[in-house]
file work_29.cif (mmCIF, C-alpha atoms and all ligand atoms)
data_work
#
loop_
_atom_site.label_atom_id
_atom_site.label_comp_id
_atom_site.auth_asym_id
_atom_site.auth_seq_id
_atom_site.Cartn_x
_atom_site.Cartn_y
_atom_site.Cartn_z
CA MET A 137 15.44 -1.88 19.24
CA ASN A 138 17.36 -0.07 16.48
CA GLU A 139 20.82 0.28 18.08
CA LYS A 140 21.94 3.02 15.68
CA LEU A 141 18.94 5.18 16.52
CA GLN A 142 19.27 4.36 20.21
CA ALA A 143 22.85 5.65 20.16
CA LYS A 144 21.44 8.99 18.98
CA ALA A 145 18.25 9.13 21.07
CA ALA A 146 17.48 6.62 23.82
CA SER A 147 14.49 8.36 25.42
CA ILE A 148 11.38 10.25 24.37
CA LEU A 149 12.90 13.45 25.73
CA ALA A 150 15.93 12.91 23.47
CA LEU A 151 13.55 12.41 20.52
CA LYS A 152 11.80 15.64 21.49
CA GLU A 153 15.11 17.55 21.48
CA ARG A 154 16.01 16.13 18.08
CA ALA A 155 12.54 17.04 16.79
CA ARG A 156 13.03 20.58 18.08
CA ARG A 157 16.22 20.86 16.04
CA ARG A 158 14.69 19.40 12.85
CA LEU A 159 11.30 21.11 12.75
CA PRO A 160 10.59 24.74 11.86
CA LYS A 161 9.93 26.59 15.12
CA TYR A 162 6.23 27.15 14.37
CA VAL A 163 5.74 23.44 13.63
CA PHE A 164 7.45 22.37 16.85
CA GLU A 165 5.29 24.84 18.75
CA TYR A 166 2.17 23.39 17.11
CA VAL A 167 3.02 19.90 18.44
CA ALA A 168 4.39 20.79 21.85
CA GLY A 169 2.08 23.64 22.80
CA GLY A 170 -0.94 23.78 25.04
CA CYS A 171 -3.89 26.04 25.64
CA ILE A 172 -3.59 29.69 26.82
CA THR A 173 -0.89 29.54 29.57
CA ASP A 174 0.14 25.86 29.19
CA SER A 175 -1.12 25.22 32.70
CA ALA A 176 -2.78 21.92 31.72
CA VAL A 177 0.38 20.73 29.95
CA ARG A 178 2.31 21.36 33.17
CA ALA A 179 -0.43 19.78 35.29
CA ASN A 180 -0.16 16.58 33.24
CA ARG A 181 3.56 16.29 33.90
CA GLU A 182 3.43 17.41 37.54
CA SER A 183 0.69 14.94 38.46
CA LEU A 184 2.49 12.09 36.68
CA GLU A 185 5.80 12.80 38.38
CA LYS A 186 4.15 13.13 41.78
CA LEU A 187 2.92 9.54 41.54
CA LYS A 188 5.46 7.17 43.10
CA LEU A 189 5.40 3.38 42.78
CA GLN A 190 6.72 0.81 45.26
CA PRO A 191 8.94 -2.09 44.19
CA ARG A 192 8.80 -5.66 45.54
CA TYR A 193 12.17 -7.36 45.26
CA LEU A 194 11.77 -10.50 47.34
CA GLY A 195 8.67 -12.19 45.87
CA THR A 196 8.77 -15.16 43.49
CA ALA A 197 10.39 -14.42 40.11
CA LYS A 198 7.77 -14.29 37.31
CA THR A 199 7.81 -14.13 33.53
CA LEU A 200 6.79 -10.74 32.22
CA ASP A 201 3.76 -10.53 29.92
CA THR A 202 2.87 -7.09 28.56
CA GLN A 203 -0.08 -8.18 26.41
CA CYS A 204 -3.36 -6.35 26.75
CA ASN A 205 -6.82 -7.72 26.00
CA LEU A 206 -9.11 -4.89 25.04
CA LEU A 207 -12.53 -4.75 23.41
CA GLY A 208 -12.28 -8.18 21.85
CA ARG A 209 -8.68 -8.02 20.65
CA GLN A 210 -5.28 -8.83 22.01
CA TYR A 211 -2.53 -6.23 21.67
CA ASN A 212 1.17 -6.63 22.47
CA LEU A 213 1.29 -3.64 24.82
CA PRO A 214 -1.18 -1.56 26.84
CA LEU A 215 -0.24 1.32 24.50
CA GLY A 216 -1.77 3.00 21.47
CA VAL A 217 -1.11 5.85 19.03
CA ALA A 218 -3.51 8.76 19.74
CA PRO A 219 -5.13 10.75 16.90
CA ILE A 220 -3.21 13.80 15.69
CA GLY A 221 -4.71 16.46 13.45
CA LEU A 222 -2.59 18.00 10.68
CA SER A 223 -0.02 15.24 11.19
CA GLY A 224 1.43 15.76 7.71
CA LEU A 225 2.43 19.31 8.61
CA ILE A 226 4.52 17.95 11.48
CA TRP A 227 6.24 15.42 9.24
CA PRO A 228 5.11 14.38 5.76
CA ARG A 229 3.52 10.91 5.65
CA SER A 230 3.78 10.57 9.44
CA GLY A 231 0.27 9.06 9.50
CA GLU A 232 1.33 6.25 7.17
CA PHE A 233 4.59 5.65 9.05
CA LEU A 234 2.80 5.42 12.40
CA ALA A 235 0.04 3.22 11.02
CA GLN A 236 2.64 0.77 9.69
CA ALA A 237 4.68 0.81 12.90
CA ALA A 238 1.55 0.26 15.00
CA ARG A 239 0.60 -2.77 12.92
CA GLN A 240 4.11 -4.22 13.25
CA ALA A 241 4.12 -3.65 17.01
CA ASN A 242 0.49 -4.85 17.26
CA ILE A 243 -0.87 -1.77 19.02
CA PRO A 244 -3.86 0.40 17.97
CA PHE A 245 -3.36 3.31 15.56
CA VAL A 246 -6.06 5.97 15.77
CA LEU A 247 -6.50 8.22 12.71
CA SER A 248 -7.86 11.74 13.27
CA THR A 249 -10.78 13.10 11.23
CA VAL A 250 -8.50 16.07 10.52
CA GLY A 251 -5.38 14.00 9.92
CA THR A 252 -3.69 14.28 6.57
CA THR A 253 -3.81 10.54 5.78
CA SER A 254 -7.08 9.23 4.39
CA ILE A 255 -9.18 6.56 6.09
CA GLU A 256 -8.49 4.25 3.16
CA SER A 257 -4.71 4.72 3.22
CA ALA A 258 -4.38 4.48 7.03
CA ALA A 259 -6.46 1.30 7.08
CA LYS A 260 -4.26 -0.23 4.39
CA HIS A 261 -1.17 0.43 6.51
CA ALA A 262 -2.57 -0.35 9.97
CA GLU A 263 -4.81 -3.27 8.88
CA GLU A 264 -6.73 -4.67 11.87
CA ASN A 265 -4.98 -2.21 14.20
CA PHE A 266 -6.82 0.67 12.53
CA TRP A 267 -9.17 2.78 14.65
CA PHE A 268 -10.87 5.96 13.42
CA GLN A 269 -11.44 9.11 15.50
CA ILE A 270 -14.42 11.22 14.55
CA TYR A 271 -15.36 14.81 15.21
CA PRO A 272 -18.92 14.03 14.17
CA PRO A 273 -20.13 16.48 11.52
CA PRO A 274 -23.71 17.58 12.32
CA ASP A 275 -24.44 17.31 8.57
CA ASP A 276 -25.99 13.82 8.31
CA SER A 277 -24.74 13.07 4.83
CA ILE A 278 -21.07 13.83 5.65
CA ARG A 279 -21.17 12.05 9.02
CA LEU A 280 -22.83 8.96 7.55
CA ASP A 281 -20.39 8.88 4.68
CA LEU A 282 -17.38 9.02 7.02
CA ILE A 283 -18.90 6.16 9.02
CA LYS A 284 -19.58 4.20 5.84
CA ARG A 285 -16.00 4.68 4.65
CA ALA A 286 -14.66 3.50 8.02
CA MET A 287 -16.87 0.41 7.87
CA GLU A 288 -15.92 -0.32 4.27
CA VAL A 289 -12.23 -0.55 5.19
CA GLY A 290 -13.04 -2.94 8.05
CA CYS A 291 -12.67 -0.52 10.95
CA THR A 292 -14.26 -1.87 14.13
CA HIS A 293 -13.31 0.85 16.65
CA LEU A 294 -14.70 4.38 16.38
CA VAL A 295 -13.43 7.02 18.80
CA VAL A 296 -15.65 10.06 19.25
CA THR A 297 -13.86 13.08 20.69
CA VAL A 298 -16.09 15.19 22.92
CA ASP A 299 -13.64 17.69 24.44
CA VAL A 300 -13.59 20.26 21.63
CA PRO A 301 -16.80 22.25 22.07
CA ALA A 302 -14.63 25.29 21.27
CA LEU A 303 -11.42 25.41 19.24
CA GLY A 304 -8.42 25.27 21.59
CA ARG A 305 -6.94 28.73 21.98
CA ARG A 306 -3.20 28.23 21.58
CA PRO A 307 -1.42 31.58 21.50
CA ARG A 308 1.70 30.49 19.60
CA ASP A 309 -0.39 28.82 16.90
CA LEU A 310 -2.52 31.94 16.57
CA GLN A 311 0.59 34.12 16.27
CA ASN A 312 2.19 31.69 13.82
CA GLY A 313 -0.91 31.43 11.68
CA ILE A 314 -1.43 27.69 12.44
CA ALA A 315 -5.16 27.85 12.28
CA ILE A 316 -7.93 27.08 9.88
CA PRO A 317 -7.30 28.77 7.47
CA PRO A 318 -3.48 28.76 7.79
CA LYS A 319 -1.62 32.01 7.23
CA PHE A 320 2.01 31.78 6.20
CA SER A 321 4.19 34.81 6.89
CA ILE A 322 7.74 35.83 6.04
CA ARG A 323 8.68 34.72 9.57
CA THR A 324 7.26 31.21 9.24
CA LEU A 325 8.69 30.83 5.75
CA ALA A 326 12.11 31.87 7.09
CA GLN A 327 11.76 29.35 9.92
CA SER A 328 10.97 26.65 7.35
CA ALA A 329 13.99 27.56 5.23
CA MET A 330 16.24 26.95 8.25
CA ARG A 331 15.14 23.30 8.49
CA PRO A 332 16.36 21.64 5.27
CA SER A 333 15.37 18.03 6.05
CA TRP A 334 11.78 19.06 6.86
CA CYS A 335 11.67 21.26 3.72
CA LEU A 336 12.99 18.49 1.48
CA ALA A 337 10.55 15.94 2.90
CA THR A 338 7.67 18.42 2.51
CA LEU A 339 8.67 19.38 -1.03
CA ALA A 340 8.89 15.70 -2.00
CA THR A 341 5.40 14.97 -0.62
CA GLY A 342 3.58 18.23 -1.36
CA MET A 343 1.52 20.41 0.96
CA PRO A 344 -0.59 18.37 3.41
CA ASN A 345 -4.35 18.42 3.02
CA PHE A 346 -7.33 17.23 5.06
CA ALA A 347 -7.42 13.91 3.23
CA ASN A 348 -10.58 12.62 4.93
CA LEU A 349 -12.66 15.70 4.21
CA ASP A 350 -11.50 16.40 0.65
CA PRO A 351 -14.33 14.40 -0.96
CA TYR A 352 -16.91 16.75 0.60
CA LEU A 353 -15.37 19.97 -0.70
CA GLY A 354 -16.83 19.65 -4.18
CA ASP A 355 -15.73 22.52 -6.35
CA ILE A 356 -14.92 24.92 -3.53
CA LYS A 357 -11.72 26.53 -4.74
CA GLY A 358 -8.78 28.04 -2.90
CA MET A 359 -7.14 26.94 0.36
CA LYS A 360 -8.84 29.65 2.38
CA ASN A 361 -12.37 28.83 1.20
CA ARG A 362 -11.81 25.09 1.61
CA ALA A 363 -10.43 25.59 5.12
CA TYR A 364 -13.41 27.78 6.12
CA TYR A 365 -15.78 25.16 4.77
CA ILE A 366 -14.09 22.37 6.77
CA ARG A 367 -14.31 24.47 9.89
CA SER A 368 -18.02 25.01 9.36
CA VAL A 369 -18.56 21.28 8.69
CA LEU A 370 -16.95 20.19 11.95
CA LYS A 371 -18.13 22.96 14.20
CA ASP A 372 -20.41 21.47 16.79
CA VAL A 373 -20.71 20.41 20.37
CA VAL A 374 -20.95 16.66 20.87
CA ASP A 375 -23.83 16.53 23.34
CA GLY A 376 -25.80 13.52 24.54
CA ASN A 377 -28.13 13.67 21.53
CA LEU A 378 -25.36 13.59 18.97
CA LEU A 379 -23.61 10.80 20.88
CA LYS A 380 -26.83 8.79 20.96
CA ARG A 381 -27.29 9.27 17.20
CA LEU A 382 -23.73 8.10 16.61
CA ARG A 383 -24.33 5.07 18.81
CA ASP A 384 -27.30 4.12 16.61
CA GLU A 385 -25.31 4.69 13.42
CA TRP A 386 -22.16 2.76 14.37
CA PRO A 387 -22.61 -1.00 14.87
CA HIS A 388 -19.15 -1.77 16.29
CA LYS A 389 -17.08 -0.58 19.28
CA LEU A 390 -17.69 3.04 20.25
CA ILE A 391 -15.16 4.80 22.48
CA VAL A 392 -15.75 8.25 23.98
CA LYS A 393 -12.56 10.36 24.22
CA GLY A 394 -12.08 13.45 26.35
CA ILE A 395 -13.61 12.29 29.63
CA LEU A 396 -12.39 13.93 32.85
CA THR A 397 -15.19 13.25 35.32
CA ALA A 398 -16.98 10.17 36.66
CA GLU A 399 -20.27 11.85 35.79
CA ASP A 400 -19.42 12.20 32.07
CA ALA A 401 -18.04 8.66 32.07
CA ARG A 402 -21.30 7.28 33.46
CA THR A 403 -23.33 9.30 30.94
CA ALA A 404 -21.21 7.93 28.09
CA VAL A 405 -21.73 4.37 29.34
CA ASP A 406 -25.48 4.96 29.76
CA LEU A 407 -25.60 6.19 26.14
CA GLY A 408 -23.96 2.96 24.98
CA ALA A 409 -20.21 3.65 24.92
CA ASP A 410 -18.10 0.49 24.89
CA ALA A 411 -15.16 2.29 26.52
CA VAL A 412 -14.27 5.70 27.95
CA TRP A 413 -11.02 7.50 27.17
CA ILE A 414 -9.76 9.85 29.86
CA SER A 415 -7.93 12.78 28.30
CA ASN A 416 -7.44 16.51 28.55
CA HIS A 417 -6.32 16.51 24.91
CA GLY A 418 -2.67 16.79 25.97
CA GLY A 419 -3.45 20.08 27.73
CA ARG A 420 -4.62 21.73 24.52
CA GLN A 421 -8.25 22.54 25.32
CA LEU A 422 -8.95 23.64 28.92
CA ASP A 423 -6.14 25.59 30.55
CA PRO A 424 -7.22 24.92 34.16
CA ALA A 425 -7.89 21.20 33.53
CA ALA A 426 -6.64 18.70 36.08
CA GLY A 427 -3.66 16.55 35.15
CA ALA A 428 -5.30 13.59 33.41
CA ILE A 429 -3.74 10.94 35.64
CA SER A 430 -5.17 12.57 38.75
CA VAL A 431 -8.74 11.68 37.69
CA VAL A 432 -8.18 8.09 36.54
CA ARG A 433 -9.05 6.46 39.87
CA GLU A 434 -12.25 8.45 40.26
CA VAL A 435 -13.40 7.84 36.68
CA ALA A 436 -12.53 4.13 36.83
CA ALA A 437 -14.49 3.84 40.08
CA GLY A 438 -17.35 5.74 38.43
CA VAL A 439 -17.72 3.23 35.60
CA GLY A 440 -17.27 0.39 38.10
CA GLY A 441 -15.68 -2.07 35.67
CA LYS A 442 -18.65 -1.95 33.25
CA VAL A 443 -16.40 -0.82 30.39
CA PRO A 444 -12.63 -0.52 29.89
CA VAL A 445 -10.91 2.76 30.74
CA LEU A 446 -8.43 4.23 28.26
CA ALA A 447 -6.29 7.24 29.13
CA ASP A 448 -3.75 9.71 27.79
CA SER A 449 -2.16 13.13 28.29
CA GLY A 450 1.39 13.80 29.38
CA VAL A 451 3.03 10.42 28.66
CA GLU A 452 6.76 10.86 28.09
CA SER A 453 8.05 7.42 29.06
CA GLY A 454 7.12 3.78 29.54
CA THR A 455 7.12 4.50 33.25
CA ASP A 456 4.27 6.95 32.71
CA ILE A 457 2.28 4.13 31.08
CA VAL A 458 2.78 2.06 34.24
CA ARG A 459 1.68 5.04 36.32
CA PHE A 460 -1.60 5.32 34.36
CA VAL A 461 -2.18 1.58 34.57
CA SER A 462 -1.52 1.63 38.31
CA GLN A 463 -4.49 3.98 38.68
CA GLY A 464 -6.92 1.80 36.75
CA ALA A 465 -6.35 2.53 33.05
CA ASP A 466 -6.61 -0.56 30.84
CA MET A 467 -4.79 1.01 27.91
CA VAL A 468 -2.70 4.16 27.64
CA PHE A 469 -2.27 6.34 24.56
CA ALA A 470 0.34 8.88 23.59
CA GLY A 471 0.24 11.62 20.99
CA ARG A 472 3.36 13.77 20.98
CA CYS A 473 5.86 10.93 21.75
CA PHE A 474 5.23 9.36 18.37
CA MET A 475 5.27 12.63 16.47
CA TYR A 476 8.65 13.44 18.06
CA GLY A 477 9.90 10.01 16.93
CA VAL A 478 8.95 10.61 13.31
CA ALA A 479 10.15 14.22 13.37
CA ALA A 480 13.49 13.05 14.80
CA PHE A 481 14.21 10.21 12.38
CA GLY A 482 11.53 10.07 9.68
CA GLN A 483 9.94 6.67 9.03
CA PRO A 484 12.20 4.56 11.35
CA GLY A 485 11.45 6.99 14.17
CA ALA A 486 7.88 5.68 14.41
CA GLN A 487 9.06 2.20 15.39
CA HIS A 488 11.84 3.65 17.53
CA ALA A 489 9.43 5.65 19.69
CA ILE A 490 7.32 2.53 20.25
CA ASP A 491 10.45 0.50 21.06
CA ILE A 492 11.61 3.06 23.63
CA LEU A 493 8.23 3.11 25.38
CA ALA A 494 8.03 -0.71 25.34
CA ALA A 495 11.55 -1.12 26.76
CA GLU A 496 10.88 1.39 29.53
CA LEU A 497 7.53 -0.21 30.32
CA GLU A 498 9.15 -3.63 30.65
CA GLN A 499 12.02 -2.30 32.73
CA THR A 500 9.66 -0.52 35.12
CA LEU A 501 7.37 -3.54 35.52
CA SER A 502 10.34 -5.84 36.19
CA GLN A 503 11.72 -3.38 38.69
CA LEU A 504 8.38 -3.29 40.48
CA GLY A 505 8.19 -7.09 40.54
CA CYS A 506 5.01 -7.08 38.42
CA ALA A 507 4.43 -9.88 35.90
CA SER A 508 1.91 -7.83 33.91
CA PRO A 509 0.64 -4.25 33.59
CA SER A 510 -2.45 -5.06 35.62
CA GLU A 511 -0.29 -6.19 38.55
CA ALA A 512 1.08 -2.67 38.71
CA ALA A 513 -2.12 -1.51 40.36
CA GLN A 514 -1.72 -1.43 44.17
CA ARG A 515 1.88 -0.30 43.91
CA LEU A 516 1.27 3.21 45.07
CA ALA A 517 3.49 4.87 47.59
C1 LIG A 601 -0.67 18.32 17.51
C2 LIG A 601 -1.83 17.61 18.13
C3 LIG A 601 -2.98 17.40 17.39
C4 LIG A 601 -4.07 16.70 17.95
N1 LIG A 601 -5.19 16.44 17.19
C5 LIG A 601 -6.18 15.69 17.70
C6 LIG A 601 -7.31 15.33 16.89
O1 LIG A 601 -7.39 15.67 15.71
N2 LIG A 601 -8.29 14.59 17.47
C7 LIG A 601 -8.22 14.19 18.79
O2 LIG A 601 -9.15 13.51 19.27
N3 LIG A 601 -7.18 14.51 19.55
C8 LIG A 601 -6.15 15.22 19.05
N4 LIG A 601 -5.07 15.52 19.82
C9 LIG A 601 -4.99 14.99 21.19
C10 LIG A 601 -4.32 13.61 21.19
O3 LIG A 601 -5.16 12.66 20.56
C11 LIG A 601 -4.04 13.13 22.61
O4 LIG A 601 -5.22 13.19 23.38
C12 LIG A 601 -2.93 13.96 23.27
O5 LIG A 601 -1.91 14.23 22.36
C13 LIG A 601 -2.37 13.20 24.46
O6 LIG A 601 -1.38 13.93 25.10
P1 LIG A 601 0.19 13.72 24.81
O7 LIG A 601 0.48 14.37 23.52
O8 LIG A 601 0.83 14.43 25.97
O9 LIG A 601 0.46 12.25 24.78
C14 LIG A 601 -3.99 16.22 19.29
C15 LIG A 601 -2.81 16.44 20.03
C16 LIG A 601 -1.75 17.09 19.46
C17 LIG A 601 -0.49 17.26 20.27
#
call {"tool": "encode", "arguments": {"input": "work_29.cif", "output": "C-alpha cells", "more": "lines below"}}
Ligand SMILES: Cc1cc2nc3c(=O)[nH]c(=O)nc-3n(C[C@H](O)[C@H](O)[C@H](O)COP(=O)(O)O)c2cc1C
result
Amino acid sequence: MNEKLQAKAASILALKERARRRLPKYVFEYVAGGCITDSAVRANRESLEKLKLQPRYLGTAKTLDTQCNLLGRQYNLPLGVAPIGLSGLIWPRSGEFLAQAARQANIPFVLSTVGTTSIESAAKHAEENFWFQIYPPPDDSIRLDLIKRAMEVGCTHLVVTVDVPALGRRPRDLQNGIAIPPKFSIRTLAQSAMRPSWCLATLATGMPNFANLDPYLGDIKGMKNRAYYIRSVLKDVVDGNLLKRLRDEWPHKLIVKGILTAEDARTAVDLGADAVWISNHGGRQLDPAAGAISVVREVAAGVGGKVPVLADSGVESGTDIVRFVSQGADMVFAGRCFMYGVAAFGQPGAQHAIDILAAELEQTLSQLGCASPSEAAQRLA
C-alpha cells in the first residue's frame, strides 16, 4: 500500500470524491452516471448493502489465502478490471495504467472494444493478464480481424458483451454531448478549463480516439463521420446466432457478459460459453434492472457448477467483493473504482485502487473467520 496516497484517500469513496474534484463535471457524470433515472445504479448499492454477513470468532485460526483459480489460470485475488469504453476521456492513458497495475497485482485486465488503448498496446502492458471484450461487429471482416488481432497478441480470454441491444440512454451524457459523435459546447469547454490537471494531462496526450477501430476507418475524414461509421459498425443485437458464430470463430475461453437471468446463463452455456458474467453494466443500460448481486444465487444455481460465474455492478469496497463471492460468484469485477483511482492520482492511482480493494477484502475475510474467498459462502445473516 502506498502510504502517501493512503493518507489522502484510504477508500474507494474517497477516491471518488477526489475524482469528482479533478475531473470536468461532464466527464465525472459520464463515469458515475446510470440509465434514465439511475434506478439501477441505486438498486446495485441497495442490494449490496442489504446483504449482511456473519462472523465466526471462535473457530481455529487459519492462514488467509486470497488466490483464485479461474479458467485455467491462478490470480492473486478474486478481482478483475472491467472493460470501460472511452477510458482515455476519463483520464489520458488510463487503459495503459490499469493494464500495467493489473499485471503487477496479477488480476485480469479487460480491454473494451471501444476503449482508447489498442489491443496491441494493452496486451503489451497486461501481458498474460490481458482479456479482450468484444461488441461483435456483424461485418465479418471487421469481427474476424479483431479476433485475429487478439489472438496474435496471445489473448486467451474473450468477453462478449450482450447487454447493449440499444445504446444506454443516459440523460446527463446526452445533455453534455457525450455521445457518438461527441458534441463539445461552451459549457463543457468551460468545465474542462476549470480542471487544470485533467487539461494538462489531456493536452500532453492528445484527444482520445477509438484505438481498436481506427484501422477500419480507411479514409473516412472528420470526427463526426468517423464516429457515425463506428456506431454503424457496432450496432447490433448479440443474439444466439451471433454468439454461436463467435464461439466457432474463437478457439480459446469465451465469457458472456451481461447475464441477469438463469435462463440466459443456461443458453450461453448451451451455446458453448466457458463462463458467464453477471452484470447490469453498472446500472447503465436497463433502468428497472435488479441489483446485480440479488440474482447471483439464482444464476449460479441455474448453471449448476458447469462453468464459473463472474459478476460485477456496484462494487465500492473489498467487502462488496466478499458479498458477491458469498452468493456464488467465482470472480468479481469492478469498473468505476479503478477509473476513480486513476482520475484521483493518475498512474499510481491504478495500483492504489487495487490495493484498497485487496486490503478491505482481506480484512473482511479475516473478520468473518474465512481462510479463503470461497469460505465466505454460507456466511449469510
Ligand atoms: C464509463 C463506463 C464505460 C463502460 N464501457 C463498457 C464497455 O465498453 N464494454 C462493456 O462490456 N462494459 C462497459 N461498462 C460496464 C463495465 O464493464 C462494468 O460492467 C460496470 O462498470 C460494473 O459496474 P461498476 O462500475 O459499478 O463496478 C462501462 C461502464 C462504465 C462506468
call {"tool": "residues_around", "arguments": {"input": "work_29.cif", "residues": "range 425-441 of chain A", "least_positions_apart": "5", "cutoff": "10 Å", "atoms": "all atoms listed in the file", "output": "PyMOL selection string"}}
result
chain A and resi 175-184+186-187+394-406+411-420+446-451+456+459-466
call {"tool": "closest_residue", "arguments": {"input": "work_29.cif", "among": "A:Phe481, A:Phe320, A:Phe266, A:Phe469", "to": "ligand LIG 601 (chain A)", "atoms": "all atoms listed in the file"}}
result
A:Phe469
call {"tool": "residues_around", "arguments": {"input": "work_29.cif", "residues": "Asn212 in chain A", "least_positions_apart": "6", "cutoff": "9 Å", "atoms": "all atoms listed in the file", "output": "number ranges by chain"}}
result
A: 201-205, 241-243
call {"tool": "atom_distance", "arguments": {"input": "work_29.cif", "atom1": "CA of Leu282 in chain A", "atom2": "CA of Tyr365 in chain A"}}
result
16.4 Å
call {"tool": "residues_near_point", "arguments": {"input": "work_29.cif", "point": "(-3.9, -0.5, 16.6)", "cutoff": "12 Å", "atoms": "all atoms listed in the file", "output": "mmCIF file with C-alpha atoms, in the frame of the given file"}}
result
data_model
loop_
_atom_site.group_PDB
_atom_site.id
_atom_site.type_symbol
_atom_site.label_atom_id
_atom_site.label_comp_id
_atom_site.auth_asym_id
_atom_site.auth_seq_id
_atom_site.Cartn_x
_atom_site.Cartn_y
_atom_site.Cartn_z
ATOM 1 C CA CYS A 204 -3.360 -6.350 26.750
ATOM 2 C CA LEU A 206 -9.110 -4.890 25.040
ATOM 3 C CA LEU A 207 -12.530 -4.750 23.410
ATOM 4 C CA ARG A 209 -8.680 -8.020 20.650
ATOM 5 C CA GLN A 210 -5.280 -8.830 22.010
ATOM 6 C CA TYR A 211 -2.530 -6.230 21.670
ATOM 7 C CA ASN A 212 1.170 -6.630 22.470
ATOM 8 C CA LEU A 213 1.290 -3.640 24.820
ATOM 9 C CA PRO A 214 -1.180 -1.560 26.840
ATOM 10 C CA LEU A 215 -0.240 1.320 24.500
ATOM 11 C CA GLY A 216 -1.770 3.000 21.470
ATOM 12 C CA VAL A 217 -1.110 5.850 19.030
ATOM 13 C CA ALA A 218 -3.510 8.760 19.740
ATOM 14 C CA PRO A 219 -5.130 10.750 16.900
ATOM 15 C CA LEU A 234 2.800 5.420 12.400
ATOM 16 C CA ALA A 235 0.040 3.220 11.020
ATOM 17 C CA GLN A 236 2.640 0.770 9.690
ATOM 18 C CA ALA A 237 4.680 0.810 12.900
ATOM 19 C CA ALA A 238 1.550 0.260 15.000
ATOM 20 C CA ARG A 239 0.600 -2.770 12.920
ATOM 21 C CA GLN A 240 4.110 -4.220 13.250
ATOM 22 C CA ALA A 241 4.120 -3.650 17.010
ATOM 23 C CA ASN A 242 0.490 -4.850 17.260
ATOM 24 C CA ILE A 243 -0.870 -1.770 19.020
ATOM 25 C CA PRO A 244 -3.860 0.400 17.970
ATOM 26 C CA PHE A 245 -3.360 3.310 15.560
ATOM 27 C CA VAL A 246 -6.060 5.970 15.770
ATOM 28 C CA LEU A 247 -6.500 8.220 12.710
ATOM 29 C CA ALA A 258 -4.380 4.480 7.030
ATOM 30 C CA ALA A 259 -6.460 1.300 7.080
ATOM 31 C CA HIS A 261 -1.170 0.430 6.510
ATOM 32 C CA ALA A 262 -2.570 -0.350 9.970
ATOM 33 C CA GLU A 263 -4.810 -3.270 8.880
ATOM 34 C CA GLU A 264 -6.730 -4.670 11.870
ATOM 35 C CA ASN A 265 -4.980 -2.210 14.200
ATOM 36 C CA PHE A 266 -6.820 0.670 12.530
ATOM 37 C CA TRP A 267 -9.170 2.780 14.650
ATOM 38 C CA PHE A 268 -10.870 5.960 13.420
ATOM 39 C CA CYS A 291 -12.670 -0.520 10.950
ATOM 40 C CA THR A 292 -14.260 -1.870 14.130
ATOM 41 C CA HIS A 293 -13.310 0.850 16.650
ATOM 42 C CA LEU A 294 -14.700 4.380 16.380
ATOM 43 C CA MET A 467 -4.790 1.010 27.910
ATOM 44 C CA PHE A 469 -2.270 6.340 24.560
#
call {"tool": "residues_around", "arguments": {"input": "work_29.cif", "residues": "Ser368 in chain A", "least_positions_apart": "4", "cutoff": "10 Å", "atoms": "all atoms listed in the file", "output": "ChimeraX atom specification"}}
result
/A:273-274,362-364,372
call {"tool": "closest_residue", "arguments": {"input": "work_29.cif", "among": "A:Ser510, A:Gln499, A:Asn377, A:Thr253", "to": "ligand LIG 601 (chain A)", "atoms": "only C-alpha atoms and all ligand atoms"}}
result
A:Thr253
call {"tool": "closest_residue", "arguments": {"input": "work_29.cif", "among": "A:Pro484, A:Pro509, A:Gly231, A:Pro301", "to": "Val458 in chain A", "atoms": "only C-alpha atoms"}}
result
A:Pro509
call {"tool": "residues_around", "arguments": {"input": "work_29.cif", "residues": "Ala302 in chain A", "least_positions_apart": "5", "cutoff": "12 Å", "atoms": "only C-alpha atoms", "output": "number ranges by chain"}}
result
A: 171, 367, 370-374, 420-422
call {"tool": "axis_aligned_box", "arguments": {"input": "work_29.cif", "around": "range 391-408 of chain A", "padding_each_side": "4 Å", "output": "AutoDock Vina command-line options"}}
result
--center_x -18.8 --center_y 8.4 --center_z 29.6 --size_x 21.5 --size_y 19.0 --size_z 22.2
call {"tool": "residues_around", "arguments": {"input": "work_29.cif", "residues": "Leu194 in chain A", "least_positions_apart": "2", "cutoff": "12 Å", "atoms": "only C-alpha atoms", "output": "list in words"}}
result
Pro191, Arg192, Thr196, Ala197, Lys198, Gln503, Leu504, Gly505 and Cys506 of chain A
call {"tool": "write_last_selection", "arguments": {"input": "work_29.cif", "atoms": "C-alpha atoms", "output": "compact mmCIF listing (two decimals), in the coordinates of the input"}}
result
# COMPACT_ATOMS: atom_id res chain seq x y z
CA PRO A 191 8.94 -2.09 44.19
CA ARG A 192 8.80 -5.66 45.54
CA THR A 196 8.77 -15.16 43.49
CA ALA A 197 10.39 -14.42 40.11
CA LYS A 198 7.77 -14.29 37.31
CA GLN A 503 11.72 -3.38 38.69
CA LEU A 504 8.38 -3.29 40.48
CA GLY A 505 8.19 -7.09 40.54
CA CYS A 506 5.01 -7.08 38.42
call {"tool": "atom_distance", "arguments": {"input": "work_29.cif", "atom1": "CA of Arg157 in chain A", "atom2": "CA of Gly170 in chain A"}}
result
19.6 Å
